[in-house]
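Structure below is run.tsv: TSV, C-alpha atoms and all ligand atoms.
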```
chain	number	residue	atom	x	y	z
A	19	MET	CA	0.00	0.00	0.00
A	20	GLU	CA	1.31	3.44	-0.92
A	21	VAL	CA	1.32	6.38	1.45
A	22	GLY	CA	-0.61	9.43	0.21
A	23	CYS	CA	1.31	12.71	-0.06
A	24	LEU	CA	0.74	16.39	-0.64
A	25	ASP	CA	3.03	16.99	-3.58
A	26	ALA	CA	4.73	14.34	-5.68
A	27	GLU	CA	7.74	16.63	-6.31
A	28	VAL	CA	8.62	16.82	-2.61
A	29	ARG	CA	7.55	13.31	-1.74
A	30	LEU	CA	9.30	12.13	1.40
A	31	THR	CA	9.96	8.66	2.68
A	32	PRO	CA	8.68	8.73	6.25
A	33	LYS	CA	11.01	7.36	8.91
A	34	VAL	CA	9.36	5.26	11.58
A	35	LEU	CA	11.11	4.07	14.75
A	36	ALA	CA	9.63	1.26	16.83
A	37	ILE	CA	10.63	0.97	20.50
A	38	ASN	CA	10.19	-2.28	22.42
A	39	GLY	CA	9.64	-1.62	26.12
A	40	SER	CA	10.00	-5.24	27.24
A	41	LEU	CA	13.35	-6.37	28.61
A	42	ARG	CA	12.38	-10.07	28.37
A	43	ARG	CA	15.39	-11.90	26.93
A	44	GLU	CA	13.59	-14.61	24.94
A	45	GLY	CA	10.20	-14.65	23.25
A	46	SER	CA	8.95	-11.16	24.05
A	47	ARG	CA	5.29	-10.91	23.01
A	48	THR	CA	5.57	-7.15	22.96
A	49	LEU	CA	8.36	-7.46	20.42
A	50	ARG	CA	6.27	-9.81	18.25
A	51	ALA	CA	3.34	-7.39	18.22
A	52	LEU	CA	5.63	-4.45	17.49
A	53	GLU	CA	7.25	-6.23	14.55
A	54	ILE	CA	3.82	-6.73	12.93
A	55	ALA	CA	2.97	-3.03	13.26
A	56	LEU	CA	6.40	-2.03	11.97
A	57	ARG	CA	5.99	-4.28	8.94
A	58	GLY	CA	2.70	-2.47	8.27
A	59	ALA	CA	4.60	0.83	8.28
A	60	ALA	CA	7.31	-0.58	5.98
A	61	ASP	CA	4.73	-1.98	3.53
A	62	ALA	CA	3.13	1.48	3.47
A	63	GLY	CA	6.43	2.92	2.22
A	64	ALA	CA	8.19	3.96	5.44
A	65	GLN	CA	11.86	3.49	6.22
A	66	THR	CA	11.75	1.60	9.49
A	67	GLU	CA	14.00	0.79	12.43
A	68	LEU	CA	13.44	-1.27	15.53
A	69	LEU	CA	15.02	-0.25	18.80
A	70	ASP	CA	15.04	-2.94	21.46
A	71	LEU	CA	15.61	-1.37	24.87
A	72	LYS	CA	17.15	-4.57	26.25
A	73	LYS	CA	19.95	-4.35	23.67
A	74	LEU	CA	20.50	-0.66	24.37
A	75	ALA	CA	20.71	-1.08	28.16
A	76	LEU	CA	20.07	2.57	28.99
A	77	PRO	CA	21.04	3.72	32.50
A	78	PHE	CA	18.39	5.48	34.59
A	79	TYR	CA	17.66	9.04	33.64
A	80	ASP	CA	18.75	11.29	36.50
A	81	ASP	CA	17.96	14.82	35.33
A	82	ARG	CA	21.44	15.60	33.98
A	83	PHE	CA	21.05	17.54	30.76
A	84	ASP	CA	24.64	16.99	29.58
A	85	ILE	CA	24.26	14.06	27.20
A	86	GLN	CA	28.04	13.43	27.08
A	87	SER	CA	28.04	12.64	30.79
A	88	TYR	CA	25.88	9.55	30.14
A	89	PRO	CA	27.11	6.30	28.52
A	90	PRO	CA	27.13	6.31	24.67
A	91	SER	CA	23.88	4.29	24.57
A	92	VAL	CA	22.02	7.45	25.59
A	93	PHE	CA	23.41	9.45	22.67
A	94	ALA	CA	22.57	6.57	20.31
A	95	PHE	CA	19.01	6.47	21.63
A	96	ILE	CA	18.45	10.21	21.35
A	97	GLU	CA	19.89	10.28	17.81
A	98	ARG	CA	17.53	7.51	16.70
A	99	VAL	CA	14.55	9.44	18.04
A	100	ARG	CA	15.79	12.61	16.31
A	101	TRP	CA	15.99	10.61	13.08
A	102	ALA	CA	12.34	9.50	13.25
A	103	ASP	CA	9.30	11.27	11.86
A	104	GLY	CA	7.02	8.86	13.67
A	105	LEU	CA	7.33	6.34	16.50
A	106	ILE	CA	5.55	3.19	17.55
A	107	LEU	CA	5.90	2.46	21.28
A	108	ALA	CA	5.05	-0.97	22.65
A	109	SER	CA	5.05	-1.79	26.35
A	110	PRO	CA	4.15	-4.90	28.31
A	111	VAL	CA	1.57	-4.29	31.03
A	112	TYR	CA	3.50	-4.19	34.32
A	113	HIS	CA	1.32	-3.85	37.42
A	114	GLY	CA	-1.38	-2.08	35.48
A	115	THR	CA	0.86	0.44	33.75
A	116	LEU	CA	3.83	0.72	31.37
A	117	SER	CA	7.17	-0.99	32.03
A	118	GLY	CA	9.83	0.94	33.92
A	119	ALA	CA	12.14	0.49	30.93
A	120	MET	CA	9.70	2.30	28.62
A	121	LYS	CA	9.04	5.08	31.12
A	122	ASN	CA	12.77	5.56	31.65
A	123	ALA	CA	13.33	5.75	27.89
A	124	LEU	CA	10.58	8.36	27.59
A	125	ASP	CA	12.11	10.33	30.46
A	126	PHE	CA	15.38	10.49	28.48
A	127	LEU	CA	13.48	12.43	25.80
A	128	GLU	CA	13.80	15.38	28.16
A	129	LEU	CA	17.19	15.69	26.42
A	130	LEU	CA	15.29	16.82	23.29
A	131	GLY	CA	13.89	19.77	25.23
A	132	HIS	CA	16.22	22.31	23.56
A	133	ASP	CA	15.71	20.93	20.03
A	134	GLN	CA	13.74	22.93	17.52
A	135	PRO	CA	10.95	21.78	17.62
A	136	PRO	CA	11.38	20.54	21.21
A	137	TRP	CA	10.70	17.03	22.61
A	138	LEU	CA	8.42	15.08	20.26
A	139	GLU	CA	6.65	18.09	18.80
A	140	GLY	CA	5.88	17.48	15.13
A	141	ARG	CA	6.12	13.71	15.49
A	142	VAL	CA	3.33	11.18	15.48
A	143	VAL	CA	3.29	8.28	17.94
A	144	GLY	CA	1.40	4.98	17.87
A	145	LEU	CA	0.87	2.98	21.06
A	146	ILE	CA	0.69	-0.76	21.75
A	147	SER	CA	0.32	-2.59	25.06
A	148	VAL	CA	0.63	-6.33	25.68
A	149	ALA	CA	-1.01	-7.78	28.81
A	150	GLY	CA	-0.94	-11.18	30.45
A	151	GLY	CA	-4.64	-10.68	31.21
A	152	ASN	CA	-7.07	-8.14	29.78
A	153	SER	CA	-5.91	-4.95	31.40
A	154	GLY	CA	-3.90	-3.15	28.71
A	155	ILE	CA	-5.86	0.06	28.31
A	156	ASN	CA	-4.36	1.75	31.36
A	157	THR	CA	-0.89	1.10	29.93
A	158	ILE	CA	-1.98	2.80	26.69
A	159	ASN	CA	-3.38	5.73	28.67
A	160	SER	CA	-0.22	6.04	30.78
A	161	MET	CA	1.94	6.20	27.65
A	162	LEU	CA	-0.54	8.63	26.10
A	163	HIS	CA	-0.22	11.04	29.04
A	164	THR	CA	3.56	10.89	28.91
A	165	CYS	CA	3.64	11.38	25.14
A	166	ARG	CA	1.28	14.33	25.37
A	167	ALA	CA	3.47	15.89	28.07
A	168	ILE	CA	6.37	15.79	25.61
A	169	ARG	CA	4.15	17.24	22.86
A	170	ALA	CA	3.72	14.20	20.61
A	171	TRP	CA	0.70	13.72	18.37
A	172	VAL	CA	-0.72	10.40	19.52
A	173	ALA	CA	-2.56	8.40	16.86
A	174	PRO	CA	-6.11	7.43	17.84
A	175	SER	CA	-5.90	3.78	16.81
A	176	SER	CA	-3.76	2.36	19.63
A	177	VAL	CA	-3.83	-1.40	20.21
A	178	ALA	CA	-4.21	-2.95	23.70
A	179	ILE	CA	-3.53	-6.69	23.30
A	180	PRO	CA	-4.84	-9.18	25.87
A	181	GLY	CA	-2.86	-12.29	26.77
A	182	SER	CA	-5.52	-14.48	25.13
A	183	ALA	CA	-4.51	-13.14	21.68
A	184	PHE	CA	-1.34	-15.28	21.87
A	185	ALA	CA	-1.07	-19.03	21.30
A	186	GLY	CA	0.79	-21.29	23.74
A	187	ASP	CA	3.99	-20.93	21.70
A	188	GLY	CA	3.84	-17.15	22.13
A	189	GLN	CA	2.79	-16.41	18.53
A	190	LEU	CA	0.08	-13.83	18.01
A	191	GLN	CA	-2.90	-15.85	16.80
A	192	ASP	CA	-5.80	-13.35	16.75
A	193	PRO	CA	-6.27	-12.19	13.12
A	194	LYS	CA	-8.26	-9.08	14.11
A	195	ILE	CA	-5.48	-7.90	16.42
A	196	LYS	CA	-2.92	-8.58	13.69
A	197	GLU	CA	-4.97	-6.46	11.30
A	198	ARG	CA	-5.23	-3.64	13.85
A	199	LEU	CA	-1.45	-3.71	14.34
A	200	VAL	CA	-0.85	-3.52	10.58
A	201	ASN	CA	-3.33	-0.64	10.31
A	202	LEU	CA	-1.58	1.17	13.15
A	203	GLY	CA	1.72	0.85	11.27
A	204	VAL	CA	0.12	2.16	8.07
A	205	GLU	CA	-1.41	5.06	9.97
A	206	ILE	CA	1.89	6.02	11.59
A	207	ALA	CA	3.67	5.88	8.21
A	208	ARG	CA	1.00	8.06	6.64
A	209	TYR	CA	0.96	10.72	9.34
A	210	ALA	CA	4.73	10.62	9.81
A	211	GLN	CA	4.97	11.59	6.17
A	212	LEU	CA	2.52	14.45	6.56
A	213	PHE	CA	4.35	15.76	9.61
A	214	ALA	CA	7.74	15.43	7.90
A	215	GLN	CA	6.33	17.25	4.89
A	216	GLU	CA	5.10	20.04	7.15
A	217	ARG	CA	8.58	20.42	8.70
A	218	ILE	CA	10.21	20.68	5.24
A	219	THR	CA	7.74	23.22	3.88
A	220	LYS	CA	8.07	25.36	7.05
A	221	ARG	CA	11.85	25.72	6.64
B	1	LIG	C1	6.44	-7.36	36.71
B	1	LIG	C2	5.26	-7.81	35.90
B	1	LIG	C3	4.03	-7.25	36.11
B	1	LIG	C4	2.93	-7.64	35.34
B	1	LIG	N1	1.72	-7.04	35.56
B	1	LIG	C5	0.66	-7.37	34.80
B	1	LIG	C6	-0.61	-6.74	35.01
B	1	LIG	O1	-0.78	-5.89	35.87
B	1	LIG	N2	-1.64	-7.10	34.21
B	1	LIG	C7	-1.51	-8.04	33.23
B	1	LIG	O2	-2.47	-8.31	32.52
B	1	LIG	N3	-0.30	-8.65	33.00
B	1	LIG	C8	0.77	-8.34	33.77
B	1	LIG	N4	1.98	-8.94	33.55
B	1	LIG	C9	2.12	-9.90	32.45
B	1	LIG	C10	2.78	-9.26	31.22
B	1	LIG	O3	2.09	-8.07	30.84
B	1	LIG	C11	2.73	-10.23	30.03
B	1	LIG	O4	3.43	-11.41	30.39
B	1	LIG	C12	3.33	-9.66	28.77
B	1	LIG	O5	3.09	-10.54	27.72
B	1	LIG	C13	4.83	-9.45	28.87
B	1	LIG	O6	5.32	-9.02	27.62
B	1	LIG	P1	6.71	-9.57	27.06
B	1	LIG	O7	6.49	-11.01	26.69
B	1	LIG	O8	7.00	-8.72	25.88
B	1	LIG	O9	7.72	-9.39	28.14
B	1	LIG	C14	3.08	-8.60	34.33
B	1	LIG	C15	4.35	-9.19	34.13
B	1	LIG	C16	5.42	-8.79	34.89
B	1	LIG	C17	6.77	-9.41	34.64
```
Written as structure tokens, that's how I'd like the structure from this file.
Amino acid sequence: MEVGCLDAEVRLTPKVLAINGSLRREGSRTLRALEIALRGAADAGAQTELLDLKKLALPFYDDRFDIQSYPPSVFAFIERVRWADGLILASPVYHGTLSGAMKNALDFLELLGHDQPPWLEGRVVGLISVAGGNSGINTINSMLHTCRAIRAWVAPSSVAIPGSAFAGDGQLQDPKIKERLVNLGVEIARYAQLFAQERITKR
């Protein structure tokens, strides 16, 4: 599927970054769901990248604004977010809310506060939660509040996945959820392009 655009002459390839907020070492369901959404974005014409927080091993954010005083993983993380026109965030449900790893990563986006535009302004964000039970909506809402606080445009079609959507082997088996994930990816690619276009034409 092709992404619509405003003007064929300045057509942009949207850049979409997916962030996995589960630190599970093997068989992360959050990662599986995220990969489906990211494929949707890629099939819609986006350039995509997946950032797995367990591989990045960020330290805790501690309110220092000097990026060089953190380990290099922090600079790498911030640069990937700067690169993106749109993001897809996926978190497991931990005690009714988002994982500490995802919240910590979002706290590091404070380091974008002096960018122009600051934080996630002018970027679109899609949200996914993966529960063991049925209680994923609060995790979506928690991420939504954080994303709004850092000025992101949050896409309306977030996907809260219950544990029952997965088969015993950990594969996502619910076709409707798969379709919603793909559609989320397409939506993020589409709006990432529109936002990127807006940034270019404003220059
Ligand atoms: C610390 C912890 C807290 C959890 N809290 C909840 C919860 O409140 N509600 C729920 O439905 N599942 C809860 N779960 C289950 C996870 O959301 C579920 O296993 C999810 O698939 C994990 O994603 P992952 O496979 O990507 O790590 C919790 C799991 C852990 C490890």
Exercise for review: Have a look at A:Leu199, A:Ala75, A:Leu69, A:Ile155 and name the one nearest to ligand LIG 1 (chain B); count only C-alpha atoms and all ligand atoms.
Suggested key: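 Of the candidates, the smallest distance to ligand LIG 1 (chain B) is held by A:Ile155.
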Review point. With only C-alpha atoms as the atoms that count, which of A:Ser40, A:Thr115, A:Gln65, A:Asn201 lies nearest to Ser176 (chain A)?
Key: A:Asn201
Exercise for review: Considering only C-alpha atoms, state which residue in the set A:His113, A:Arg169, A:His163, A:Arg43 is at the smallest distance from Ala149 (chain A).
Suggested key: A:His113
Check your understanding: Can you find the residues with an atom no farther than 12 Å from (8.1, -4.6, 8.4), counting only C-alpha atoms, and report them as a ChimeraX atom specification?
Key -> /A:34-36,50-68,199-200,203-204,207
Exercise for review: Name the closest residue to ligand LIG 1 (chain B) among the candidates A:Leu41, A:Leu130, A:Val142, A:Ile96; distances are taken between atoms, counting only C-alpha atoms and all ligand atoms.
Suggested key: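 Under the stated criterion, the closest residue is A:Leu41.
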Point to revise | Distance filter 8 Å around ligand LIG 1 (chain B), atoms: all atoms listed in the file, out as a list in words | key: Asn38, Gly39, Ser40, Leu41, Arg42, Gly45, Ser46, Arg47, Thr48, Leu49, Arg50, Ser109, Pro110, Val111, Tyr112, His113, Gly114, Thr115, Ser117, Val148, Ala149, Gly150, Gly151, Asn152, Ser153, Gly154, Pro180 and Gly181 of chain A
Point to revise | d(CA of Ala210 (chain A), CA of Leu30 (chain A)) in Å | key: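 Computed distance, CA of Ala210 (chain A) to CA of Leu30 (chain A), equals 9.7 Å.
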Review point. Which residues come within 12 Å of Asp133 (chain A), counting only C-alpha atoms, excluding same-chain residues fewer than 5 positions away, as a list in words?
Key: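 Close residues of Asp133 (chain A): Ile96, Glu97, Val99, Arg100, Leu127, Glu128, Leu138, Glu139 and Gly140 of chain A.
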Exercise for review: Kindly give the distance, in Å, that separates CA of Pro77 (chain A) and CA of Trp137 (chain A), rounded to a single decimal.
Suggested key: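 Interatomic distance here is 19.5 Å.
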Exercise for review: Quick one: everything within 8 Å of Asn122 (chain A), counting all atoms listed in the file, minus sequence neighbours fewer than 3 positions away in the same chain. Send it as a ChimeraX atom specification.
Suggested key: /A:78-79,118-119,125-126
Since we have the selection now, will you write its residues out, keeping C-alpha atoms, as a CSV table (one decimal), keeping the file's coordinate frame?
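Output file selection-v9.csv is given in full below:
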```
chain,number,residue,atom,x,y,z
A,78,PHE,CA,18.4,5.5,34.6
A,79,TYR,CA,17.7,9.0,33.6
A,118,GLY,CA,9.8,0.9,33.9
A,119,ALA,CA,12.1,0.5,30.9
A,125,ASP,CA,12.1,10.3,30.5
A,126,PHE,CA,15.4,10.5,28.5
```
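When all atoms listed in the file are used to measure the gap to Ile218 (chain A), the shortest distance among A:Ala173, A:Asp103, A:Asp84, A:Asn156 belongs to A:Asp103.
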Quick one: 3 Å padding each side, axis-aligned, all listed atoms of region 145-160 of chain A - centre and edge lengths in Å to one decimal, as JSON?
```
{"center_x": -3.1, "center_y": -2.6, "center_z": 26.2, "size_x": 13.9, "size_y": 23.2, "size_z": 16.3}
```
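If all atoms listed in the file are the atoms counted, then among A:Arg141, A:Arg198, A:Ile37, A:Thr31 the closest residue to Leu71 (chain A) is A:Ile37.
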